Amino acid sequence: MRIRGSRLAIVLGTFVTLTGVALAAVTWSTTPSSDRSATAARPTAQSSRGDRVTAVELEKAMKELDLIRPSREKLVDDFALGKTDGGTFQLSEHRGKVVFINFWATWCPPCREEMPAMERLLQRSRKGDLVMLAVSVDTDPKVVAQFLNEQRFTFTVGLDPTMRLADTYGVRALPASFIVDGRGRLAAFAFGPRRWDDGAAQALIEGMSR
């Protein structure tokens, strides 16, 4: 099988990301190597009051998760994406909520390991605060359906087999995550897996949901 264009770039980018994650794990413990390690929550970034997150705590959460801030504020372009259930996900319909967009593929081990942590983050978030969209770049929707049938994820899964949306977001490695705030602006993004179910991630979503 030949892999061309953007998909080849993603494969190579994912390999580079995996190598970097492996090296970073020796000296830095915030990036997970497996789902088992992701179950250990770090409460240091979580609000002591439990219901409000200050700007300082939000900034601390960003640093703990090693998220990248955009160089300037910009509204995210609206998009419509087909879902695995046959419906359509429209970004603009979720204005006012934090939208977590994750690009993944069934052939990407770090993606599969990260997804249970994403599910836990969604379940622990206050109802209605967070919208989570996992965008598959697999070329065969049947492979995606087979994988999802073996899981119990409740977040929305979209299909991007031509990588049109992935290219729009500049995805060059998997997994890649983008967080859109309630105003419709890109607030942060990350290349490579993160511990989305720990205290820092919860503080992040709570802080952006204020």
# chains A, B, ... in the order shown; residues from 1 in each chain; ligands from 1
call {"tool": "residues_around", "arguments": {"residues": "A:Asp129", "least_positions_apart": "6", "cutoff": "9 Å", "atoms": "only C-alpha atoms", "output": "PyMOL selection string"}}
result
chain A and resi 96-99+205-206+208-209
call {"tool": "select_by_dssp", "arguments": {"residues": "stretch 28-175 of chain A", "states": "helix (DSSP H, G or I)", "output": "ChimeraX atom specification"}}
result
/A:37-39,43-45,55-64,91-94,109-124,141-149,164-168
call {"tool": "write_last_selection", "arguments": {"atoms": "N, CA and C atoms", "output": "compact mmCIF listing (two decimals), in the first residue's frame"}}
result
# COMPACT_ATOMS: atom_id res chain seq x y z
N SER A 37 -0.99 4.87 33.16
CA SER A 37 -0.35 6.01 33.80
C SER A 37 -1.27 7.21 33.85
N ALA A 38 -2.23 7.25 32.95
CA ALA A 38 -3.12 8.41 32.88
C ALA A 38 -4.15 8.41 33.99
N THR A 39 -4.28 7.29 34.75
CA THR A 39 -5.29 7.23 35.78
C THR A 39 -4.86 7.93 37.05
N PRO A 43 -3.94 16.61 41.58
CA PRO A 43 -4.92 17.61 42.01
C PRO A 43 -4.36 19.00 42.18
N THR A 44 -3.05 19.19 41.97
CA THR A 44 -2.43 20.48 42.25
C THR A 44 -3.00 21.59 41.40
N ALA A 45 -3.47 21.28 40.15
CA ALA A 45 -3.98 22.34 39.27
C ALA A 45 -5.47 22.55 39.43
N ALA A 55 -7.71 32.68 37.10
CA ALA A 55 -6.85 32.84 35.93
C ALA A 55 -5.48 32.24 36.18
N VAL A 56 -4.99 32.34 37.41
CA VAL A 56 -3.68 31.77 37.75
C VAL A 56 -3.72 30.25 37.63
N GLU A 57 -4.80 29.66 38.13
CA GLU A 57 -4.94 28.21 38.07
C GLU A 57 -5.10 27.74 36.62
N LEU A 58 -5.79 28.54 35.83
CA LEU A 58 -5.96 28.20 34.42
C LEU A 58 -4.62 28.21 33.70
N GLU A 59 -3.81 29.21 33.98
CA GLU A 59 -2.48 29.30 33.37
C GLU A 59 -1.61 28.13 33.82
N LYS A 60 -1.72 27.77 35.09
CA LYS A 60 -0.95 26.64 35.61
C LYS A 60 -1.36 25.34 34.91
N ALA A 61 -2.66 25.18 34.68
CA ALA A 61 -3.15 23.98 33.98
C ALA A 61 -2.61 23.92 32.56
N MET A 62 -2.57 25.07 31.89
CA MET A 62 -2.03 25.13 30.53
C MET A 62 -0.58 24.66 30.51
N LYS A 63 0.20 25.11 31.50
CA LYS A 63 1.61 24.75 31.55
C LYS A 63 1.80 23.28 31.88
N GLU A 64 1.00 22.77 32.82
CA GLU A 64 1.13 21.36 33.20
C GLU A 64 0.81 20.42 32.04
N LEU A 91 -19.85 22.99 13.93
CA LEU A 91 -19.14 23.67 15.01
C LEU A 91 -19.92 24.86 15.55
N SER A 92 -20.50 25.67 14.67
CA SER A 92 -21.19 26.90 15.09
C SER A 92 -22.39 26.62 15.99
N GLU A 93 -22.91 25.42 15.97
CA GLU A 93 -24.06 25.08 16.81
C GLU A 93 -23.69 24.98 18.29
N HIS A 94 -22.38 24.97 18.56
CA HIS A 94 -21.94 24.77 19.94
C HIS A 94 -21.26 26.02 20.51
N PRO A 109 -1.41 3.98 17.82
CA PRO A 109 -1.47 3.49 19.21
C PRO A 109 -1.63 4.58 20.26
N PRO A 110 -0.88 5.71 20.20
CA PRO A 110 -1.09 6.74 21.22
C PRO A 110 -2.49 7.33 21.19
N CYS A 111 -3.10 7.35 20.01
CA CYS A 111 -4.47 7.86 19.90
C CYS A 111 -5.42 6.95 20.68
N ARG A 112 -5.29 5.65 20.46
CA ARG A 112 -6.17 4.69 21.13
C ARG A 112 -5.96 4.72 22.64
N GLU A 113 -4.71 4.90 23.08
CA GLU A 113 -4.42 4.94 24.51
C GLU A 113 -4.95 6.21 25.16
N GLU A 114 -5.02 7.29 24.38
CA GLU A 114 -5.46 8.59 24.91
C GLU A 114 -6.98 8.68 25.04
N MET A 115 -7.70 7.96 24.23
CA MET A 115 -9.15 8.14 24.15
C MET A 115 -9.91 7.81 25.44
N PRO A 116 -9.54 6.79 26.21
CA PRO A 116 -10.24 6.59 27.48
C PRO A 116 -10.10 7.77 28.43
N ALA A 117 -8.93 8.43 28.42
CA ALA A 117 -8.75 9.62 29.26
C ALA A 117 -9.65 10.76 28.78
N MET A 118 -9.82 10.87 27.48
CA MET A 118 -10.74 11.87 26.94
C MET A 118 -12.17 11.60 27.42
N GLU A 119 -12.55 10.34 27.41
CA GLU A 119 -13.89 9.96 27.86
C GLU A 119 -14.08 10.32 29.33
N ARG A 120 -13.07 10.07 30.16
CA ARG A 120 -13.17 10.39 31.57
C ARG A 120 -13.28 11.90 31.79
N LEU A 121 -12.54 12.67 31.00
CA LEU A 121 -12.64 14.13 31.10
C LEU A 121 -14.05 14.59 30.78
N LEU A 122 -14.64 14.02 29.76
CA LEU A 122 -16.01 14.38 29.37
C LEU A 122 -16.99 14.03 30.48
N GLN A 123 -16.84 12.86 31.07
CA GLN A 123 -17.76 12.42 32.11
C GLN A 123 -17.64 13.25 33.39
N ARG A 124 -16.41 13.73 33.66
CA ARG A 124 -16.18 14.49 34.90
C ARG A 124 -16.51 15.98 34.75
N PRO A 141 -14.26 4.05 6.68
CA PRO A 141 -15.19 4.23 7.80
C PRO A 141 -15.55 2.91 8.48
N LYS A 142 -15.49 1.79 7.75
CA LYS A 142 -15.84 0.50 8.34
C LYS A 142 -14.85 0.12 9.44
N VAL A 143 -13.58 0.49 9.25
CA VAL A 143 -12.56 0.20 10.27
C VAL A 143 -12.85 1.00 11.54
N VAL A 144 -13.28 2.24 11.35
CA VAL A 144 -13.62 3.09 12.49
C VAL A 144 -14.82 2.52 13.24
N ALA A 145 -15.84 2.10 12.49
CA ALA A 145 -17.04 1.54 13.11
C ALA A 145 -16.71 0.28 13.89
N GLN A 146 -15.84 -0.55 13.34
CA GLN A 146 -15.46 -1.78 14.03
C GLN A 146 -14.73 -1.47 15.34
N PHE A 147 -13.84 -0.49 15.29
CA PHE A 147 -13.12 -0.10 16.50
C PHE A 147 -14.07 0.45 17.56
N LEU A 148 -14.98 1.32 17.15
CA LEU A 148 -15.91 1.93 18.11
C LEU A 148 -16.88 0.92 18.71
N ASN A 149 -17.21 -0.11 17.96
CA ASN A 149 -18.10 -1.15 18.47
C ASN A 149 -17.47 -1.91 19.63
N ARG A 164 -9.49 16.66 4.83
CA ARG A 164 -9.74 18.06 4.50
C ARG A 164 -9.73 18.93 5.76
N LEU A 165 -10.43 18.47 6.81
CA LEU A 165 -10.47 19.24 8.05
C LEU A 165 -9.11 19.19 8.75
N ALA A 166 -8.45 18.04 8.72
CA ALA A 166 -7.13 17.91 9.34
C ALA A 166 -6.14 18.87 8.69
N ASP A 167 -6.20 19.01 7.39
CA ASP A 167 -5.32 19.94 6.69
C ASP A 167 -5.62 21.39 7.08
N THR A 168 -6.90 21.69 7.27
CA THR A 168 -7.30 23.03 7.68
C THR A 168 -6.68 23.40 9.02
call {"tool": "closest_residue", "arguments": {"among": "A:Ser136, A:Gln90, A:Ser177, A:Ser125", "to": "A:Asp197", "atoms": "only C-alpha atoms"}}
result
A:Ser125
call {"tool": "closest_residue", "arguments": {"among": "A:Val131, A:Ala201, A:Met163, A:Ala80", "to": "A:Asp181", "atoms": "only C-alpha atoms"}}
result
A:Val131
